[in-house]
$ cat structure17.txt   # compact mmCIF, C-alpha atoms
# COMPACT_ATOMS: atom_id res chain seq x y z
CA MET A 1 -10.66 -101.64 32.79
CA VAL A 2 -12.31 -102.30 36.16
CA LEU A 3 -10.22 -101.33 39.17
CA THR A 4 -10.60 -102.87 42.64
CA LEU A 5 -9.19 -101.43 45.85
CA VAL A 6 -7.75 -104.29 47.89
CA GLU A 7 -6.96 -104.24 51.60
CA HIS A 8 -4.48 -106.65 53.11
CA ASP A 9 -2.72 -107.41 56.37
CA ASN A 10 0.58 -109.25 56.74
CA GLY A 11 0.40 -110.49 53.17
CA GLU A 12 -3.17 -111.79 53.43
CA VAL A 13 -6.00 -110.20 51.49
CA ASP A 14 -8.97 -109.09 53.58
CA ASP A 15 -12.09 -111.27 53.16
CA VAL A 16 -14.28 -108.34 52.12
CA SER A 17 -11.69 -107.42 49.49
CA LEU A 18 -12.00 -110.94 48.06
CA GLN A 19 -15.74 -110.38 47.90
CA ALA A 20 -15.15 -107.06 46.12
CA LEU A 21 -12.82 -108.77 43.64
CA THR A 22 -15.46 -111.41 42.93
CA LEU A 23 -18.16 -108.84 42.14
CA ALA A 24 -15.66 -106.72 40.20
CA ARG A 25 -14.72 -109.76 38.10
CA ASP A 26 -18.37 -110.26 37.18
CA VAL A 27 -18.62 -106.60 36.18
CA ALA A 28 -15.43 -106.84 34.14
CA ASP A 29 -16.72 -109.95 32.35
CA ASP A 30 -20.04 -108.24 31.56
CA THR A 31 -18.32 -105.16 30.17
CA GLY A 32 -15.61 -107.05 28.31
CA GLU A 33 -12.97 -105.19 30.31
CA SER A 34 -9.90 -106.45 32.15
CA LEU A 35 -9.75 -106.50 35.94
CA GLU A 36 -6.97 -104.82 37.88
CA ALA A 37 -6.35 -104.24 41.57
CA ILE A 38 -4.64 -101.50 43.54
CA ALA A 39 -3.06 -102.02 46.97
CA PHE A 40 -0.87 -100.00 49.29
CA GLY A 41 2.21 -100.66 51.38
CA PRO A 42 5.53 -102.52 51.28
CA GLU A 43 3.81 -105.93 51.60
CA ALA A 44 1.34 -105.33 48.76
CA GLU A 45 3.49 -107.05 46.15
CA GLY A 46 3.14 -110.28 48.12
CA ILE A 47 -0.60 -110.54 47.43
CA ALA A 48 -0.19 -110.83 43.64
CA GLU A 49 -0.97 -114.54 43.66
CA GLN A 50 -4.10 -114.07 45.78
CA VAL A 51 -5.62 -111.28 43.72
CA GLY A 52 -4.68 -113.12 40.55
CA ALA A 53 -6.57 -116.18 41.75
CA TYR A 54 -9.67 -114.00 41.93
CA GLY A 55 -9.28 -112.69 38.40
CA ALA A 56 -7.07 -109.59 38.62
CA ALA A 57 -4.66 -109.46 35.68
CA VAL A 58 -2.58 -106.62 37.13
CA LEU A 59 -1.81 -105.54 40.68
CA ASN A 60 -0.93 -101.85 40.93
CA VAL A 61 1.30 -101.47 43.98
CA VAL A 62 1.64 -98.11 45.70
CA ASP A 63 4.78 -98.50 47.79
CA GLU A 64 5.58 -94.96 48.87
CA GLY A 65 7.11 -94.48 52.30
CA GLU A 66 4.71 -91.69 53.17
CA LEU A 67 1.77 -93.97 52.33
CA ASP A 68 2.83 -96.95 54.41
CA ASP A 69 0.21 -95.80 56.92
CA TYR A 70 -3.40 -95.24 55.93
CA ALA A 71 -4.18 -91.72 54.73
CA PRO A 72 -7.69 -91.47 53.20
CA GLU A 73 -7.18 -88.42 50.97
CA ALA A 74 -3.81 -89.64 49.70
CA TYR A 75 -5.18 -93.13 49.07
CA ALA A 76 -8.10 -91.60 47.18
CA ARG A 77 -5.73 -89.46 45.10
CA ALA A 78 -3.78 -92.57 44.14
CA VAL A 79 -6.95 -94.50 43.25
CA VAL A 80 -8.23 -91.62 41.11
CA GLN A 81 -4.95 -91.22 39.25
CA CYS A 82 -4.62 -94.95 38.68
CA ALA A 83 -8.20 -95.07 37.38
CA GLU A 84 -7.70 -92.08 35.08
CA ALA A 85 -4.45 -93.45 33.69
CA ALA A 86 -6.27 -96.54 32.43
CA ASP A 87 -9.58 -94.87 31.48
CA THR A 88 -11.33 -97.02 34.08
CA GLU A 89 -14.92 -98.19 33.58
CA ALA A 90 -15.52 -98.64 37.31
CA VAL A 91 -13.78 -98.53 40.67
CA ILE A 92 -14.99 -101.07 43.20
CA ALA A 93 -13.94 -101.10 46.84
CA PRO A 94 -14.67 -103.37 49.81
CA GLY A 95 -17.45 -102.19 52.08
CA THR A 96 -15.11 -101.64 55.01
CA ASP A 97 -14.56 -98.41 56.92
CA ARG A 98 -11.40 -97.70 54.95
CA GLY A 99 -12.84 -98.80 51.63
CA ALA A 100 -15.89 -96.56 52.02
CA GLU A 101 -13.85 -93.61 53.24
CA THR A 102 -11.29 -93.88 50.46
CA LEU A 103 -13.91 -94.19 47.74
CA SER A 104 -15.98 -91.30 49.10
CA HIS A 105 -12.91 -89.06 48.85
CA ALA A 106 -12.30 -90.40 45.34
CA ALA A 107 -15.90 -89.58 44.38
CA ALA A 108 -15.45 -86.02 45.63
CA LYS A 109 -12.28 -85.60 43.61
CA LEU A 110 -13.96 -86.96 40.47
CA ASP A 111 -17.21 -85.11 41.17
CA GLU A 112 -19.08 -88.37 40.69
CA THR A 113 -21.74 -90.28 42.63
CA MET A 114 -20.70 -93.20 44.80
CA ALA A 115 -23.01 -96.12 45.51
CA ALA A 116 -22.38 -97.85 48.84
CA GLU A 117 -23.32 -101.30 50.13
CA VAL A 118 -23.88 -102.84 46.68
CA THR A 119 -24.75 -106.54 46.48
CA ASP A 120 -25.30 -107.00 42.74
CA VAL A 121 -24.64 -105.20 39.46
CA GLU A 122 -26.37 -105.66 36.09
CA VAL A 123 -24.39 -104.02 33.32
CA GLY A 124 -26.25 -102.39 30.44
CA ASP A 125 -26.40 -98.84 29.15
CA THR A 126 -26.18 -97.98 32.85
CA TYR A 127 -25.23 -99.95 35.93
CA GLY A 128 -28.34 -101.47 37.46
CA ILE A 129 -27.37 -101.91 41.09
CA THR A 130 -28.91 -103.64 44.07
CA ARG A 131 -27.78 -102.24 47.38
CA GLN A 132 -28.60 -102.23 51.05
CA ARG A 133 -30.11 -99.18 52.73
CA TRP A 134 -30.89 -98.41 56.33
CA GLY A 135 -28.44 -100.96 57.63
CA GLY A 136 -29.76 -103.73 55.41
CA THR A 137 -33.42 -103.37 56.38
CA LEU A 138 -34.24 -101.98 52.94
CA ILE A 139 -33.09 -103.26 49.54
CA GLU A 140 -32.84 -100.61 46.84
CA HIS A 141 -32.72 -101.10 43.08
CA ALA A 142 -31.20 -98.12 41.29
CA GLU A 143 -29.31 -97.04 38.20
CA LEU A 144 -25.80 -95.68 38.41
CA THR A 145 -24.69 -93.49 35.53
CA ALA A 146 -21.25 -91.92 35.55
CA ASP A 147 -18.10 -91.59 33.51
CA THR A 148 -16.46 -93.67 36.23
CA ASN A 149 -18.83 -95.86 38.23
CA LEU A 150 -17.85 -95.95 41.91
CA LEU A 151 -19.26 -98.48 44.34
CA THR A 152 -18.48 -100.38 47.51
CA VAL A 153 -19.48 -104.00 48.02
CA ALA A 154 -21.61 -104.83 51.08
CA ALA A 155 -19.67 -107.01 53.49
CA ASN A 156 -20.56 -110.70 53.62
CA GLU A 157 -23.20 -110.43 50.88
CA VAL A 158 -21.10 -111.73 47.97
CA SER A 159 -19.56 -115.20 48.16
CA PRO A 160 -15.88 -114.95 47.22
CA THR A 161 -15.01 -117.39 44.44
CA GLU A 162 -11.70 -117.94 42.72
CA SER A 163 -11.35 -117.75 38.96
CA GLY A 164 -8.45 -120.19 38.75
CA ASP A 165 -6.14 -117.64 37.14
CA GLY A 166 -2.45 -117.32 37.95
CA ALA A 167 -0.68 -114.57 39.82
CA ALA A 168 -1.36 -110.99 38.75
CA ASP A 169 1.38 -109.00 37.06
CA VAL A 170 2.83 -106.45 39.49
CA SER A 171 3.07 -102.84 38.34
CA ALA A 172 4.49 -100.07 40.54
CA PHE A 173 2.31 -96.98 40.71
CA SER A 174 3.50 -93.65 42.12
CA PRO A 175 0.76 -91.07 42.69
CA ASP A 176 1.36 -87.34 42.39
CA LEU A 177 0.15 -86.15 45.76
CA GLU A 178 -0.95 -82.60 46.52
CA ASP A 179 -0.48 -80.43 49.57
CA GLY A 180 -2.89 -81.50 52.26
CA ASP A 181 -3.33 -85.10 51.08
CA LEU A 182 -1.49 -86.28 54.20
CA ARG A 183 -3.18 -83.97 56.68
CA VAL A 184 -5.14 -86.96 58.01
CA GLN A 185 -3.08 -90.10 58.48
CA LEU A 186 -3.09 -93.16 60.70
CA SER A 187 -0.74 -92.52 63.60
CA ARG A 188 -0.93 -95.75 65.57
CA VAL A 189 -2.80 -99.02 65.88
CA GLN A 190 -3.88 -100.28 69.28
CA GLU A 191 -4.44 -104.01 69.29
CA SER A 192 -7.20 -105.44 71.45
CA ASP A 193 -5.89 -107.26 74.51
CA ILE A 194 -8.74 -109.76 74.28
CA GLU A 195 -7.62 -113.13 72.99
CA GLY A 196 -9.69 -115.50 70.91
CA VAL A 197 -11.30 -115.78 67.50
CA PRO A 198 -12.39 -112.45 65.92
CA LEU A 199 -16.17 -112.19 65.67
CA GLY A 200 -16.07 -111.76 61.92
CA GLU A 201 -14.13 -115.00 61.47
CA ALA A 202 -15.86 -117.23 64.02
CA ARG A 203 -17.72 -120.32 62.83
CA VAL A 204 -19.98 -120.12 65.90
CA VAL A 205 -20.90 -116.87 67.64
CA ILE A 206 -22.59 -116.75 71.04
CA GLY A 207 -24.12 -113.37 71.74
CA GLY A 208 -25.44 -112.09 75.03
CA GLY A 209 -27.70 -109.15 75.70
CA ARG A 210 -29.51 -107.47 78.55
CA GLY A 211 -30.79 -110.86 79.66
CA THR A 212 -27.32 -111.84 80.86
CA ASP A 213 -27.52 -109.23 83.64
CA GLY A 214 -23.86 -108.63 82.93
CA ASP A 215 -22.80 -112.21 83.66
CA TYR A 216 -21.18 -113.69 80.56
CA SER A 217 -19.45 -116.59 82.29
CA ALA A 218 -21.92 -119.19 81.00
CA LEU A 219 -21.52 -117.94 77.41
CA GLU A 220 -17.73 -117.92 77.69
CA GLU A 221 -17.70 -121.45 79.08
CA LEU A 222 -19.86 -122.62 76.19
CA ALA A 223 -17.53 -120.95 73.69
CA GLU A 224 -14.59 -122.81 75.21
CA GLN A 225 -16.27 -126.09 74.29
CA ILE A 226 -16.70 -125.21 70.62
CA PRO A 227 -13.81 -124.88 68.17
CA ASN A 228 -13.61 -121.53 66.36
CA ALA A 229 -16.26 -119.91 68.57
CA ALA A 230 -16.46 -116.34 69.84
CA VAL A 231 -18.59 -114.40 72.31
CA GLY A 232 -20.34 -111.21 71.24
CA SER A 233 -22.93 -108.87 72.67
CA SER A 234 -25.76 -106.52 71.91
CA ARG A 235 -25.47 -102.75 72.02
CA ALA A 236 -27.49 -102.68 75.24
CA ALA A 237 -24.81 -104.77 76.97
CA VAL A 238 -22.08 -102.47 75.68
CA ASN A 239 -23.99 -99.41 76.86
CA GLU A 240 -24.24 -100.98 80.31
CA GLY A 241 -20.45 -101.36 80.34
CA TRP A 242 -20.64 -105.15 80.50
CA ARG A 243 -18.68 -105.76 77.29
CA PRO A 244 -16.26 -103.70 75.16
CA HIS A 245 -17.43 -102.15 71.91
CA ASP A 246 -15.25 -104.65 70.01
CA ASP A 247 -17.78 -107.32 71.03
CA GLN A 248 -20.83 -105.47 69.76
CA ILE A 249 -22.89 -107.07 66.99
CA GLY A 250 -25.17 -104.80 65.03
CA GLN A 251 -25.51 -101.82 62.75
CA THR A 252 -22.88 -99.83 64.66
CA GLY A 253 -20.81 -102.88 65.58
CA ASN A 254 -19.58 -106.07 63.98
CA LYS A 255 -21.23 -107.78 61.01
CA ILE A 256 -21.01 -111.54 61.50
CA SER A 257 -21.63 -114.51 59.20
CA PRO A 258 -21.11 -117.69 61.25
CA GLU A 259 -22.59 -121.09 60.57
CA ILE A 260 -24.70 -120.60 63.67
CA TYR A 261 -25.42 -117.61 65.89
CA ILE A 262 -26.66 -118.34 69.40
CA ALA A 263 -28.45 -115.23 70.67
CA ALA A 264 -28.95 -115.47 74.42
CA GLY A 265 -30.97 -112.87 76.27
CA ILE A 266 -31.15 -110.59 73.22
CA SER A 267 -34.45 -108.99 72.20
CA GLY A 268 -33.62 -108.80 68.47
CA ALA A 269 -33.93 -105.12 67.66
CA VAL A 270 -33.62 -104.19 63.99
CA GLN A 271 -30.17 -102.67 64.56
CA HIS A 272 -28.90 -105.91 66.06
CA MET A 273 -30.36 -108.05 63.29
CA VAL A 274 -28.45 -105.98 60.73
CA GLY A 275 -25.26 -107.30 62.28
CA CYS A 276 -26.22 -110.98 62.37
CA LYS A 277 -28.33 -111.40 59.23
CA GLY A 278 -25.35 -113.03 57.55
CA ALA A 279 -25.57 -116.01 59.93
CA GLU A 280 -26.57 -119.26 58.24
CA ASN A 281 -28.65 -120.25 61.27
CA ILE A 282 -29.87 -118.45 64.39
CA LEU A 283 -30.70 -120.13 67.68
CA ALA A 284 -32.45 -117.82 70.15
CA VAL A 285 -32.63 -118.35 73.90
CA ASN A 286 -35.04 -115.96 75.59
CA THR A 287 -37.62 -116.00 78.35
CA ASP A 288 -40.01 -113.84 76.31
CA PRO A 289 -41.85 -115.87 73.64
CA GLU A 290 -42.89 -112.60 71.97
CA ALA A 291 -39.34 -111.29 71.60
CA ALA A 292 -38.47 -110.25 68.04
CA ILE A 293 -35.45 -112.56 68.02
CA ILE A 294 -37.75 -115.56 68.61
CA GLN A 295 -39.73 -114.71 65.48
CA LYS A 296 -36.60 -114.29 63.36
CA ALA A 297 -34.67 -117.32 64.60
CA ASP A 298 -34.42 -120.70 62.89
CA TRP A 299 -34.71 -122.37 66.29
CA ALA A 300 -35.81 -120.96 69.63
CA VAL A 301 -35.66 -122.01 73.23
CA VAL A 302 -38.04 -120.13 75.50
CA ALA A 303 -36.13 -120.41 78.75
CA ASP A 304 -33.68 -118.69 81.07
CA LEU A 305 -30.24 -118.56 79.46
CA HIS A 306 -28.60 -119.00 82.86
CA GLU A 307 -30.19 -122.44 83.05
CA THR A 308 -30.14 -123.45 79.38
CA ILE A 309 -26.62 -122.45 78.33
CA PRO A 310 -24.86 -124.38 81.18
CA GLU A 311 -26.91 -127.45 80.26
CA VAL A 312 -25.73 -127.21 76.65
CA THR A 313 -22.14 -126.82 77.85
CA GLU A 314 -22.48 -129.86 80.10
CA GLU A 315 -23.93 -131.91 77.25
CA LEU A 316 -21.02 -130.97 74.98
CA GLN A 317 -18.55 -131.91 77.67
CA THR A 318 -20.29 -135.25 78.17
CA ARG A 319 -20.20 -136.01 74.45
CA GLY A 320 -16.65 -134.76 74.09
CA LEU A 321 -17.58 -132.61 71.11
CA ALA A 322 -14.97 -129.99 71.92
CA ASP A 323 -12.41 -132.14 70.16

$ encode --input "structure17.txt" --output "structure tokens"
Amino acid sequence: MVLTLVEHDNGEVDDVSLQALTLARDVADDTGESLEAIAFGPEAEGIAEQVGAYGAAVLNVVDEGELDDYAPEAYARAVVQCAEAADTEAVIAPGTDRGAETLSHAAAKLDETMAAEVTDVEVGDTYGITRQRWGGTLIEHAELTADTNLLTVAANEVSPTESGDGAADVSAFSPDLEDGDLRVQLSRVQESDIEGVPLGEARVVIGGGRGTDGDYSALEELAEQIPNAAVGSSRAAVNEGWRPHDDQIGQTGNKISPEIYIAAGISGAVQHMVGCKGAENILAVNTDPEAAIIQKADWAVVADLHETIPEVTEELQTRGLAD
């Protein structure tokens, strides 16, 4: 059996978890094993149809009151016990902060190696894996050999595809926790007070860097003219205090995959490109023709963003494309 850790919120499966399920289904098919999922919380049972549509035959639901809130060691204990109960071939988790943390604890408990940021798996005598290193600037090909193969799936690198199967069968799973498993646990969630489309879900992202001089009004006005658009920033802008960290795109910020990324006044450092390499198209606006972002973009405008961006906004308003 291949087991996939699935994250969800308000009855909706996380996009990266759908990507993990897709890769896990391929692994299960190659090994001739069944695919199962494990999810936590009182709402987990409600995602049976979603995970089933992506190939999971069984959804193992951990609905323990003490595990309603995220606890990495306790979650890992549950994953390990669920995997051992079914003599699991592999455990695959989404490449999110929680997915990586949970699986790293699971690897420690199993005394096995964990491979992070995997984009492809070739099943043979061993698992031939392709994975990202150094924030995606290096692609590594390696072999993973273990009694239980543990890996996380790199975010936005696997296209989630449904299998057409029906809802997964729901099976309650109660882990046998040990003292100390709950010593670290989520205590509260503070929602951002910034309204709008989350960067990771936006169809169009408009990013601003040091070239904005801290004035993001032109970028925000442009975003208002485009449905499903969001404004992001570079790390330099965050360091200057111009934008909150939630807006940061890059290796230590958000990973985005919009249809188009408009990078205005951003130099294009390697760390920033790690965050936007999932974009289908990149349009760069920069006064420096030698800027790295110009070389990496699909289209480039060598000009002052404070002049160019308002002109684009005005053109959209004239054409009425906001509708």

$ atom_distance --input "structure17.txt" --atom1 "CA of Gly278 in chain A" --atom2 "CA of Gln251 in chain A"
12.4 Å

$ residues_around --input "structure17.txt" --residues "range 101-115 of chain A" --least-positions-apart "5" --cutoff "12 Å" --atoms "all atoms listed in the file" --output "compact mmCIF listing (two decimals) with C-alpha atoms, in the coordinates of the input"
# COMPACT_ATOMS: atom_id res chain seq x y z
CA LEU A 3 -10.22 -101.33 39.17
CA THR A 4 -10.60 -102.87 42.64
CA LEU A 5 -9.19 -101.43 45.85
CA VAL A 6 -7.75 -104.29 47.89
CA GLU A 7 -6.96 -104.24 51.60
CA TYR A 70 -3.40 -95.24 55.93
CA ALA A 71 -4.18 -91.72 54.73
CA PRO A 72 -7.69 -91.47 53.20
CA GLU A 73 -7.18 -88.42 50.97
CA ALA A 74 -3.81 -89.64 49.70
CA TYR A 75 -5.18 -93.13 49.07
CA ALA A 76 -8.10 -91.60 47.18
CA ARG A 77 -5.73 -89.46 45.10
CA ALA A 78 -3.78 -92.57 44.14
CA VAL A 79 -6.95 -94.50 43.25
CA VAL A 80 -8.23 -91.62 41.11
CA GLN A 81 -4.95 -91.22 39.25
CA CYS A 82 -4.62 -94.95 38.68
CA ALA A 83 -8.20 -95.07 37.38
CA GLU A 84 -7.70 -92.08 35.08
CA ALA A 90 -15.52 -98.64 37.31
CA VAL A 91 -13.78 -98.53 40.67
CA ILE A 92 -14.99 -101.07 43.20
CA ALA A 93 -13.94 -101.10 46.84
CA PRO A 94 -14.67 -103.37 49.81
CA GLY A 95 -17.45 -102.19 52.08
CA THR A 96 -15.11 -101.64 55.01
CA ASP A 120 -25.30 -107.00 42.74
CA VAL A 121 -24.64 -105.20 39.46
CA TYR A 127 -25.23 -99.95 35.93
CA GLY A 128 -28.34 -101.47 37.46
CA ILE A 129 -27.37 -101.91 41.09
CA THR A 130 -28.91 -103.64 44.07
CA ARG A 131 -27.78 -102.24 47.38
CA GLN A 132 -28.60 -102.23 51.05
CA ARG A 133 -30.11 -99.18 52.73
CA GLU A 140 -32.84 -100.61 46.84
CA HIS A 141 -32.72 -101.10 43.08
CA ALA A 142 -31.20 -98.12 41.29
CA GLU A 143 -29.31 -97.04 38.20
CA LEU A 144 -25.80 -95.68 38.41
CA THR A 145 -24.69 -93.49 35.53
CA ALA A 146 -21.25 -91.92 35.55
CA ASP A 147 -18.10 -91.59 33.51
CA THR A 148 -16.46 -93.67 36.23
CA ASN A 149 -18.83 -95.86 38.23
CA LEU A 150 -17.85 -95.95 41.91
CA LEU A 151 -19.26 -98.48 44.34
CA THR A 152 -18.48 -100.38 47.51
CA VAL A 153 -19.48 -104.00 48.02
CA ALA A 154 -21.61 -104.83 51.08
CA ASP A 181 -3.33 -85.10 51.08
CA VAL A 184 -5.14 -86.96 58.01

$ closest_residue --input "structure17.txt" --among "A:Val123, A:Ala53, A:Ile226, A:Val2" --to "Gly320 in chain A" --atoms "all atoms listed in the file"
A:Ile226

$ atom_distance --input "structure17.txt" --atom1 "CA of Asn281 in chain A" --atom2 "CA of Val204 in chain A"
9.8 Å

$ residues_near_point --input "structure17.txt" --point "(-11.5, -112.8, 48.0)" --cutoff "9 Å" --atoms "only C-alpha atoms" --output "number ranges by chain"
A: 13-22, 50-51, 53-54, 159-162

$ atom_distance --input "structure17.txt" --atom1 "CA of Arg319 in chain A" --atom2 "CA of Glu307 in chain A"
18.9 Å

$ closest_residue --input "structure17.txt" --among "A:Leu67, A:Ala39, A:Ile293, A:Val118" --to "Arg183 in chain A" --atoms "all atoms listed in the file"
A:Leu67

$ closest_residue --input "structure17.txt" --among "A:Glu12, A:Asp176, A:Asp247, A:Glu240" --to "Glu64 in chain A" --atoms "all atoms listed in the file"
A:Asp176

$ closest_residue --input "structure17.txt" --among "A:Arg243, A:His8, A:Arg210, A:Arg203" --to "Ala263 in chain A" --atoms "all atoms listed in the file"
A:Arg210

$ axis_aligned_box --input "structure17.txt" --around "range 229-244 of chain A" --padding-each-side "3 Å" --output "AutoDock Vina command-line options"
--center_x -21.9 --center_y -109.7 --center_z 74.5 --size_x 17.2 --size_y 26.5 --size_z 17.9

$ residues_near_point --input "structure17.txt" --point "(-25.2, -113.1, 80.3)" --cutoff "10 Å" --atoms "all atoms listed in the file" --output "short mmCIF file (atom, residue, chain, number, x, y, z; two decimals) with C-alpha atoms, in the coordinates of the input"
data_model
loop_
_atom_site.label_atom_id
_atom_site.label_comp_id
_atom_site.auth_asym_id
_atom_site.auth_seq_id
_atom_site.Cartn_x
_atom_site.Cartn_y
_atom_site.Cartn_z
CA GLY A 207 -24.12 -113.37 71.74
CA GLY A 208 -25.44 -112.09 75.03
CA GLY A 209 -27.70 -109.15 75.70
CA ARG A 210 -29.51 -107.47 78.55
CA GLY A 211 -30.79 -110.86 79.66
CA THR A 212 -27.32 -111.84 80.86
CA ASP A 213 -27.52 -109.23 83.64
CA GLY A 214 -23.86 -108.63 82.93
CA ASP A 215 -22.80 -112.21 83.66
CA TYR A 216 -21.18 -113.69 80.56
CA SER A 217 -19.45 -116.59 82.29
CA ALA A 218 -21.92 -119.19 81.00
CA LEU A 219 -21.52 -117.94 77.41
CA GLU A 220 -17.73 -117.92 77.69
CA SER A 233 -22.93 -108.87 72.67
CA ALA A 237 -24.81 -104.77 76.97
CA TRP A 242 -20.64 -105.15 80.50
CA ALA A 264 -28.95 -115.47 74.42
CA GLY A 265 -30.97 -112.87 76.27
CA ILE A 266 -31.15 -110.59 73.22
CA LEU A 305 -30.24 -118.56 79.46
CA HIS A 306 -28.60 -119.00 82.86
CA ILE A 309 -26.62 -122.45 78.33
#

$ residues_around --input "structure17.txt" --residues "Gly11 in chain A" --least-positions-apart "4" --cutoff "8 Å" --atoms "all atoms listed in the file" --output "list in words"
Glu43, Ala44, Gly46 and Ile47 of chain A

$ closest_residue --input "structure17.txt" --among "A:Val270, A:Leu222, A:Val27, A:Ala167" --to "Glu45 in chain A" --atoms "only C-alpha atoms"
A:Ala167

$ closest_residue --input "structure17.txt" --among "A:Val197, A:Ala28, A:Ala236, A:Val285" --to "Asp304 in chain A" --atoms "all atoms listed in the file"
A:Val285
